[in-house]
Every structure is written in structure tokens, then in C-alpha cells.
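Listing of coords-v8.pdb, PDB, C-alpha atoms
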```pdb
ATOM      1  CA  MET A   1     101.072 170.366 100.137  1.00  0.00           C
ATOM      2  CA  ASN A   2     104.240 168.333  99.710  1.00  0.00           C
ATOM      3  CA  GLU A   3     106.757 168.924  96.921  1.00  0.00           C
ATOM      4  CA  LEU A   4     105.876 165.794  94.960  1.00  0.00           C
ATOM      5  CA  THR A   5     102.184 166.756  94.701  1.00  0.00           C
ATOM      6  CA  GLN A   6     103.108 170.286  93.652  1.00  0.00           C
ATOM      7  CA  LEU A   7     105.510 168.992  90.987  1.00  0.00           C
ATOM      8  CA  LEU A   8     102.860 166.598  89.591  1.00  0.00           C
ATOM      9  CA  LEU A   9     100.287 169.415  89.456  1.00  0.00           C
ATOM     10  CA  GLN A  10     102.754 171.633  87.588  1.00  0.00           C
ATOM     11  CA  TYR A  11     103.444 168.896  85.011  1.00  0.00           C
ATOM     12  CA  ALA A  12      99.734 168.207  84.599  1.00  0.00           C
ATOM     13  CA  PHE A  13      99.055 171.921  84.044  1.00  0.00           C
ATOM     14  CA  LEU A  14     101.885 172.081  81.500  1.00  0.00           C
ATOM     15  CA  LEU A  15     100.484 169.058  79.663  1.00  0.00           C
ATOM     16  CA  VAL A  16      96.972 170.570  79.512  1.00  0.00           C
ATOM     17  CA  LEU A  17      98.433 173.853  78.286  1.00  0.00           C
ATOM     18  CA  TRP A  18     100.321 172.096  75.456  1.00  0.00           C
ATOM     19  CA  LEU A  19      97.214 170.121  74.480  1.00  0.00           C
ATOM     20  CA  PHE A  20      95.301 173.406  74.215  1.00  0.00           C
ATOM     21  CA  VAL A  21      98.032 174.935  72.019  1.00  0.00           C
ATOM     22  CA  PHE A  22      97.990 171.903  69.672  1.00  0.00           C
ATOM     23  CA  ALA A  23      94.185 172.017  69.457  1.00  0.00           C
ATOM     24  CA  VAL A  24      94.278 175.705  68.466  1.00  0.00           C
ATOM     25  CA  VAL A  25      96.986 175.123  65.847  1.00  0.00           C
ATOM     26  CA  PHE A  26      95.110 172.135  64.381  1.00  0.00           C
ATOM     27  CA  SER A  27      91.886 174.124  64.217  1.00  0.00           C
ATOM     28  CA  LEU A  28      93.579 177.065  62.464  1.00  0.00           C
ATOM     29  CA  ARG A  29      95.290 174.737  59.991  1.00  0.00           C
ATOM     30  CA  ALA A  30      91.994 173.043  59.144  1.00  0.00           C
ATOM     31  CA  ASP A  31      90.287 176.414  58.625  1.00  0.00           C
ATOM     32  CA  ILE A  32      93.055 177.826  56.441  1.00  0.00           C
ATOM     33  CA  PHE A  33      93.908 174.773  54.322  1.00  0.00           C
ATOM     34  CA  GLY A  34      90.652 172.817  54.529  1.00  0.00           C
ATOM     35  CA  VAL A  35      90.152 169.168  55.257  1.00  0.00           C
ATOM     36  CA  ARG A  36      91.923 166.579  53.127  1.00  0.00           C
ATOM     37  CA  VAL A  37      89.658 164.369  51.093  1.00  0.00           C
ATOM     38  CA  ARG A  38      90.837 160.831  50.530  1.00  0.00           C
ATOM     39  CA  LYS A  39      90.407 159.322  47.103  1.00  0.00           C
ATOM     40  CA  LEU A  40      89.499 155.678  46.636  1.00  0.00           C
ATOM     41  CA  PRO A  41      92.182 153.536  45.033  1.00  0.00           C
ATOM     42  CA  GLN A  42      91.620 152.772  41.365  1.00  0.00           C
ATOM     43  CA  SER A  43      90.831 149.107  42.059  1.00  0.00           C
ATOM     44  CA  ALA A  44      88.207 149.919  44.742  1.00  0.00           C
ATOM     45  CA  ALA A  45      86.569 152.609  42.631  1.00  0.00           C
ATOM     46  CA  ALA A  46      86.280 150.328  39.585  1.00  0.00           C
ATOM     47  CA  ALA A  47      85.207 147.199  41.518  1.00  0.00           C
ATOM     48  CA  PRO A  48      81.706 145.952  40.733  1.00  0.00           C
ATOM     49  CA  PRO A  49      79.138 145.952  43.546  1.00  0.00           C
ATOM     50  CA  ALA A  50      78.891 142.872  45.748  1.00  0.00           C
ATOM     51  CA  ALA A  51      76.926 140.015  44.199  1.00  0.00           C
ATOM     52  CA  SER A  52      75.005 139.353  47.419  1.00  0.00           C
ATOM     53  CA  ALA A  53      73.343 142.781  47.412  1.00  0.00           C
ATOM     54  CA  PRO A  54      69.918 142.664  45.747  1.00  0.00           C
ATOM     55  CA  SER A  55      69.638 145.024  42.816  1.00  0.00           C
ATOM     56  CA  THR A  56      66.859 147.590  42.860  1.00  0.00           C
ATOM     57  CA  PRO A  57      65.260 148.923  39.702  1.00  0.00           C
ATOM     58  CA  PRO A  58      66.303 152.486  38.860  1.00  0.00           C
ATOM     59  CA  ARG A  59      63.843 155.164  39.896  1.00  0.00           C
ATOM     60  CA  PRO A  60      62.707 157.721  37.362  1.00  0.00           C
ATOM     61  CA  SER A  61      64.391 161.058  37.861  1.00  0.00           C
ATOM     62  CA  PRO A  62      62.241 163.926  39.121  1.00  0.00           C
ATOM     63  CA  PRO A  63      61.238 166.547  36.571  1.00  0.00           C
ATOM     64  CA  VAL A  64      63.763 169.335  36.147  1.00  0.00           C
ATOM     65  CA  ALA A  65      62.637 172.770  37.294  1.00  0.00           C
ATOM     66  CA  ALA A  66      62.147 175.416  34.659  1.00  0.00           C
ATOM     67  CA  ALA A  67      65.160 177.545  33.847  1.00  0.00           C
ATOM     68  CA  SER A  68      65.600 180.515  36.131  1.00  0.00           C
ATOM     69  CA  PRO A  69      65.838 184.123  34.928  1.00  0.00           C
ATOM     70  CA  GLY A  70      69.641 184.093  35.226  1.00  0.00           C
ATOM     71  CA  THR A  71      70.890 180.949  33.634  1.00  0.00           C
ATOM     72  CA  ARG A  72      74.625 181.264  34.356  1.00  0.00           C
ATOM     73  CA  ILE A  73      77.411 183.017  36.210  1.00  0.00           C
ATOM     74  CA  VAL A  74      80.395 184.129  34.148  1.00  0.00           C
ATOM     75  CA  ILE A  75      83.645 184.853  35.983  1.00  0.00           C
ATOM     76  CA  THR A  76      85.183 187.900  34.311  1.00  0.00           C
ATOM     77  CA  SER A  77      88.377 188.336  36.359  1.00  0.00           C
ATOM     78  CA  GLY A  78      90.379 186.434  38.913  1.00  0.00           C
ATOM     79  CA  PRO A  79      92.034 183.031  38.999  1.00  0.00           C
ATOM     80  CA  LYS A  80      89.031 181.305  37.369  1.00  0.00           C
ATOM     81  CA  ALA A  81      88.405 183.946  34.677  1.00  0.00           C
ATOM     82  CA  GLY A  82      86.332 182.608  31.786  1.00  0.00           C
ATOM     83  CA  LEU A  83      84.578 179.930  33.842  1.00  0.00           C
ATOM     84  CA  GLU A  84      80.816 179.699  33.284  1.00  0.00           C
ATOM     85  CA  LEU A  85      78.639 178.109  35.955  1.00  0.00           C
ATOM     86  CA  PRO A  86      75.021 177.216  35.160  1.00  0.00           C
ATOM     87  CA  LEU A  87      72.387 178.206  37.719  1.00  0.00           C
ATOM     88  CA  GLY A  88      69.292 176.319  38.714  1.00  0.00           C
ATOM     89  CA  ARG A  89      66.717 177.413  41.259  1.00  0.00           C
ATOM     90  CA  ASP A  90      68.803 176.426  44.297  1.00  0.00           C
ATOM     91  CA  ALA A  91      70.849 178.879  46.352  1.00  0.00           C
ATOM     92  CA  LEU A  92      74.537 179.080  45.411  1.00  0.00           C
ATOM     93  CA  THR A  93      77.049 179.547  48.227  1.00  0.00           C
ATOM     94  CA  ILE A  94      80.281 181.314  47.337  1.00  0.00           C
ATOM     95  CA  GLY A  95      83.428 180.939  49.421  1.00  0.00           C
ATOM     96  CA  ARG A  96      86.739 179.260  50.122  1.00  0.00           C
ATOM     97  CA  SER A  97      85.164 176.151  51.673  1.00  0.00           C
ATOM     98  CA  SER A  98      85.063 172.997  49.575  1.00  0.00           C
ATOM     99  CA  GLU A  99      81.361 172.755  50.494  1.00  0.00           C
ATOM    100  CA  SER A 100      80.579 175.919  48.509  1.00  0.00           C
ATOM    101  CA  GLY A 101      78.894 175.773  45.104  1.00  0.00           C
ATOM    102  CA  LEU A 102      81.444 178.247  43.728  1.00  0.00           C
ATOM    103  CA  VAL A 103      84.817 177.686  45.398  1.00  0.00           C
ATOM    104  CA  ILE A 104      87.161 180.683  45.293  1.00  0.00           C
ATOM    105  CA  ARG A 105      90.563 179.986  46.787  1.00  0.00           C
ATOM    106  CA  ASP A 106      92.242 183.276  47.614  1.00  0.00           C
ATOM    107  CA  ASP A 107      93.350 185.078  50.767  1.00  0.00           C
ATOM    108  CA  TYR A 108      90.559 187.677  50.565  1.00  0.00           C
ATOM    109  CA  THR A 109      87.634 185.235  50.468  1.00  0.00           C
ATOM    110  CA  SER A 110      85.999 183.880  53.621  1.00  0.00           C
ATOM    111  CA  SER A 111      85.088 180.203  54.010  1.00  0.00           C
ATOM    112  CA  HIS A 112      81.392 181.063  53.592  1.00  0.00           C
ATOM    113  CA  HIS A 113      81.567 184.479  51.937  1.00  0.00           C
ATOM    114  CA  ALA A 114      78.274 185.128  50.130  1.00  0.00           C
ATOM    115  CA  ARG A 115      75.110 183.480  48.856  1.00  0.00           C
ATOM    116  CA  LEU A 116      73.195 183.952  45.621  1.00  0.00           C
ATOM    117  CA  LEU A 117      69.447 183.234  45.993  1.00  0.00           C
ATOM    118  CA  LEU A 118      66.483 183.239  43.676  1.00  0.00           C
ATOM    119  CA  ARG A 119      63.552 185.159  45.159  1.00  0.00           C
ATOM    120  CA  GLY A 120      60.580 184.974  42.861  1.00  0.00           C
ATOM    121  CA  GLU A 121      62.065 185.776  39.472  1.00  0.00           C
ATOM    122  CA  GLN A 122      64.910 187.986  40.786  1.00  0.00           C
ATOM    123  CA  TRP A 123      68.388 186.890  41.878  1.00  0.00           C
ATOM    124  CA  VAL A 124      69.572 188.451  45.145  1.00  0.00           C
ATOM    125  CA  LEU A 125      73.027 188.537  46.709  1.00  0.00           C
ATOM    126  CA  GLN A 126      73.583 188.140  50.442  1.00  0.00           C
ATOM    127  CA  ASP A 127      76.918 188.747  52.173  1.00  0.00           C
ATOM    128  CA  LEU A 128      77.434 186.151  54.926  1.00  0.00           C
ATOM    129  CA  GLU A 129      79.327 188.489  57.297  1.00  0.00           C
ATOM    130  CA  SER A 130      82.541 188.062  55.334  1.00  0.00           C
ATOM    131  CA  THR A 131      85.732 189.703  56.545  1.00  0.00           C
ATOM    132  CA  ASN A 132      86.561 191.634  53.360  1.00  0.00           C
ATOM    133  CA  GLY A 133      83.025 192.193  52.108  1.00  0.00           C
ATOM    134  CA  THR A 134      81.100 191.534  48.931  1.00  0.00           C
ATOM    135  CA  PHE A 135      80.752 194.289  46.327  1.00  0.00           C
ATOM    136  CA  LEU A 136      77.933 194.783  43.821  1.00  0.00           C
ATOM    137  CA  ASP A 137      78.859 197.313  41.111  1.00  0.00           C
ATOM    138  CA  GLY A 138      81.548 198.775  43.389  1.00  0.00           C
ATOM    139  CA  GLN A 139      79.217 199.242  46.394  1.00  0.00           C
ATOM    140  CA  ARG A 140      79.687 197.084  49.497  1.00  0.00           C
ATOM    141  CA  VAL A 141      76.736 194.791  50.277  1.00  0.00           C
ATOM    142  CA  SER A 142      75.524 195.017  53.881  1.00  0.00           C
ATOM    143  CA  PRO A 143      75.955 191.739  55.783  1.00  0.00           C
ATOM    144  CA  ASN A 144      72.851 189.500  55.857  1.00  0.00           C
ATOM    145  CA  THR A 145      70.856 192.010  53.762  1.00  0.00           C
ATOM    146  CA  PRO A 146      69.903 190.530  50.363  1.00  0.00           C
ATOM    147  CA  VAL A 147      70.189 192.967  47.435  1.00  0.00           C
ATOM    148  CA  PRO A 148      68.889 192.380  43.885  1.00  0.00           C
ATOM    149  CA  VAL A 149      71.512 191.524  41.272  1.00  0.00           C
ATOM    150  CA  PRO A 150      70.792 192.881  37.777  1.00  0.00           C
ATOM    151  CA  PHE A 151      72.189 191.046  34.753  1.00  0.00           C
ATOM    152  CA  GLY A 152      75.621 192.180  33.576  1.00  0.00           C
ATOM    153  CA  VAL A 153      76.484 194.023  36.817  1.00  0.00           C
ATOM    154  CA  PRO A 154      79.873 193.001  38.278  1.00  0.00           C
ATOM    155  CA  VAL A 155      79.926 191.263  41.667  1.00  0.00           C
ATOM    156  CA  LYS A 156      83.300 191.158  43.437  1.00  0.00           C
ATOM    157  CA  VAL A 157      84.159 188.472  46.009  1.00  0.00           C
ATOM    158  CA  GLY A 158      87.785 188.586  47.128  1.00  0.00           C
ATOM    159  CA  ALA A 159      89.940 188.872  44.000  1.00  0.00           C
ATOM    160  CA  THR A 160      87.261 187.371  41.736  1.00  0.00           C
ATOM    161  CA  THR A 161      84.647 189.304  39.751  1.00  0.00           C
ATOM    162  CA  PHE A 162      81.640 187.651  38.127  1.00  0.00           C
ATOM    163  CA  GLU A 163      78.373 188.618  36.412  1.00  0.00           C
ATOM    164  CA  LEU A 164      74.925 187.102  36.054  1.00  0.00           C
ATOM    165  CA  ARG A 165      74.042 186.473  32.416  1.00  0.00           C
ATOM    166  CA  LYS A 166      71.104 184.973  30.543  1.00  0.00           C
TER     167      LYS A 166
END
```

I'd like the structure from this file rewritten - as C-alpha cells, please.
Amino acid sequence: MNELTQLLLQYAFLLVLWLFVFAVVFSLRADIFGVRVRKLPQSAAAAPPAASAPSTPPRPSPPVAAASPGTRIVITSGPKAGLELPLGRDALTIGRSSESGLVIRDDYTSSHHARLLLRGEQWVLQDLESTNGTFLDGQRVSPNTPVPVPFGVPVKVGATTFELRK
């Protein structure tokens, strides 16, 4: 192999190596800080819809499901202390991700940390294999094993503690 070919192969390898390093750094940054969400400018957000689009009559909203046994989550300690979040019948994901129903931004919370589900008439808590664990009344919840959550019992996720209340 001549020297020119060897030199070109070395530069190509170096370029691929640097591309890999940048991909890893970008991925870590996106996981730690999340993805930026762009906001529409004021004029675009307030603009009326196009006149050429045919208007459709509004559909009636579906009936609302009956209230569940636990009607709200109350955050008792942490950065969002005092916040009350109403619960429906849908599962509530808890984590650092902006896709979560309850977003907790601290260093001890995983992106998808835990899930609160309604099974029958009982709320259950499921740890989603979080790094630092989820605690129910001081006891660590086993990953992927749903445990019942009684009303008024503290649940700790990262640095935040909350309770289920009627």
C-alpha cells in the first residue's frame, strides 16, 4: 500500500472517530437537557385560519369518565411543593421527560421514572427501572412490579414527595 493511500485511510478513520464522538455528545446533551421546543411567533399563533379551508361543524365531546377513587395528587415536598394535579382514569407517567404527565426536573429523577395506574378501583405504582428508585412509605418499589398506593401514604420520586388524596 503506498503512502498516499495510507494517509487518506488514516484521515478517514480520524473523521469517522470524530463524528462518533460528536454523536455521543449530542445524544447525552439531548438526554440531560431535553429537546428544545420552538414557540410560534405571536403573529402566527393569533392568525385566523385560511379562508379557503372549509369549516367543519364542531363534534360533541365524548362523555367524561366517572371520577376515580383517587381524585388528585398533592406534592408535599420538593421543588413543586403545594402543587395539586387532578387524576382521571388514564395512567400518569412521572419523570424528567417533557412527555411525562408529572414532570419532575431534578438530578435524581430518571426520564421515565415511574407510572401511576388505575387497576379496578385501586391506584398502583410501578417503578420503570429508574436509576435511584421509587419509594412508597419509605420502602423501595421493585422495578416493573406494581404495588397498591393507599391514600395519604407518601411516594418519593427523586427529591419530590407526593400523596394520593380524595

### Task
Work out how far atom CA of Ile75 of chain A is from atom CA of Gly133 of chain A, in Å to one decimal.
17.7 Å

### Query
Looking at all atoms listed in the file, which of A:Pro79, A:Ser130, A:Gly138, A:Ala91 is the one that sits closest to Leu118 of chain A?
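The shortest atom-to-atom distance to Leu118 of chain A comes from A:Ala91.
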
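Proximity to Phe33 of chain A at 10 Å, evaluated using all atoms listed in the file and with sequence-adjacent residues fewer than 6 positions away removed, yields Arg96, Ser97 and Arg105 of chain A.
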
### Query
Nearest to Ser111 of chain A among A:Leu8, A:Gly82, A:Thr160, A:Asp31, with distances taken over only C-alpha atoms: which residue is it?
A:Asp31

### Query
Which is closer to Phe151 of chain A than all the others in A:Ile94, A:Val124, A:Ala30, A:Met1, using all atoms listed in the file?
A:Val124

List, as a compact mmCIF listing (two decimals) with C-alpha atoms, keeping the file's coordinate frame, every residue that the PyMOL selection byres ((chain A and resi 81) around 12) selects in the file provided.
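Wrote expr.txt, looks like this:
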```txt
# COMPACT_ATOMS: atom_id res chain seq x y z
CA ILE A 73 77.41 183.02 36.21
CA VAL A 74 80.40 184.13 34.15
CA ILE A 75 83.64 184.85 35.98
CA THR A 76 85.18 187.90 34.31
CA SER A 77 88.38 188.34 36.36
CA GLY A 78 90.38 186.43 38.91
CA PRO A 79 92.03 183.03 39.00
CA LYS A 80 89.03 181.30 37.37
CA GLY A 82 86.33 182.61 31.79
CA LEU A 83 84.58 179.93 33.84
CA GLU A 84 80.82 179.70 33.28
CA LEU A 85 78.64 178.11 35.96
CA ILE A 104 87.16 180.68 45.29
CA ALA A 159 89.94 188.87 44.00
CA THR A 160 87.26 187.37 41.74
CA THR A 161 84.65 189.30 39.75
CA PHE A 162 81.64 187.65 38.13
CA GLU A 163 78.37 188.62 36.41
```

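Each of A:Leu102, A:Asp107, A:Phe20, A:Phe13 was checked against Ile32 of chain A using all atoms listed in the file; the smallest atom-to-atom distance is that of A:Asp107.
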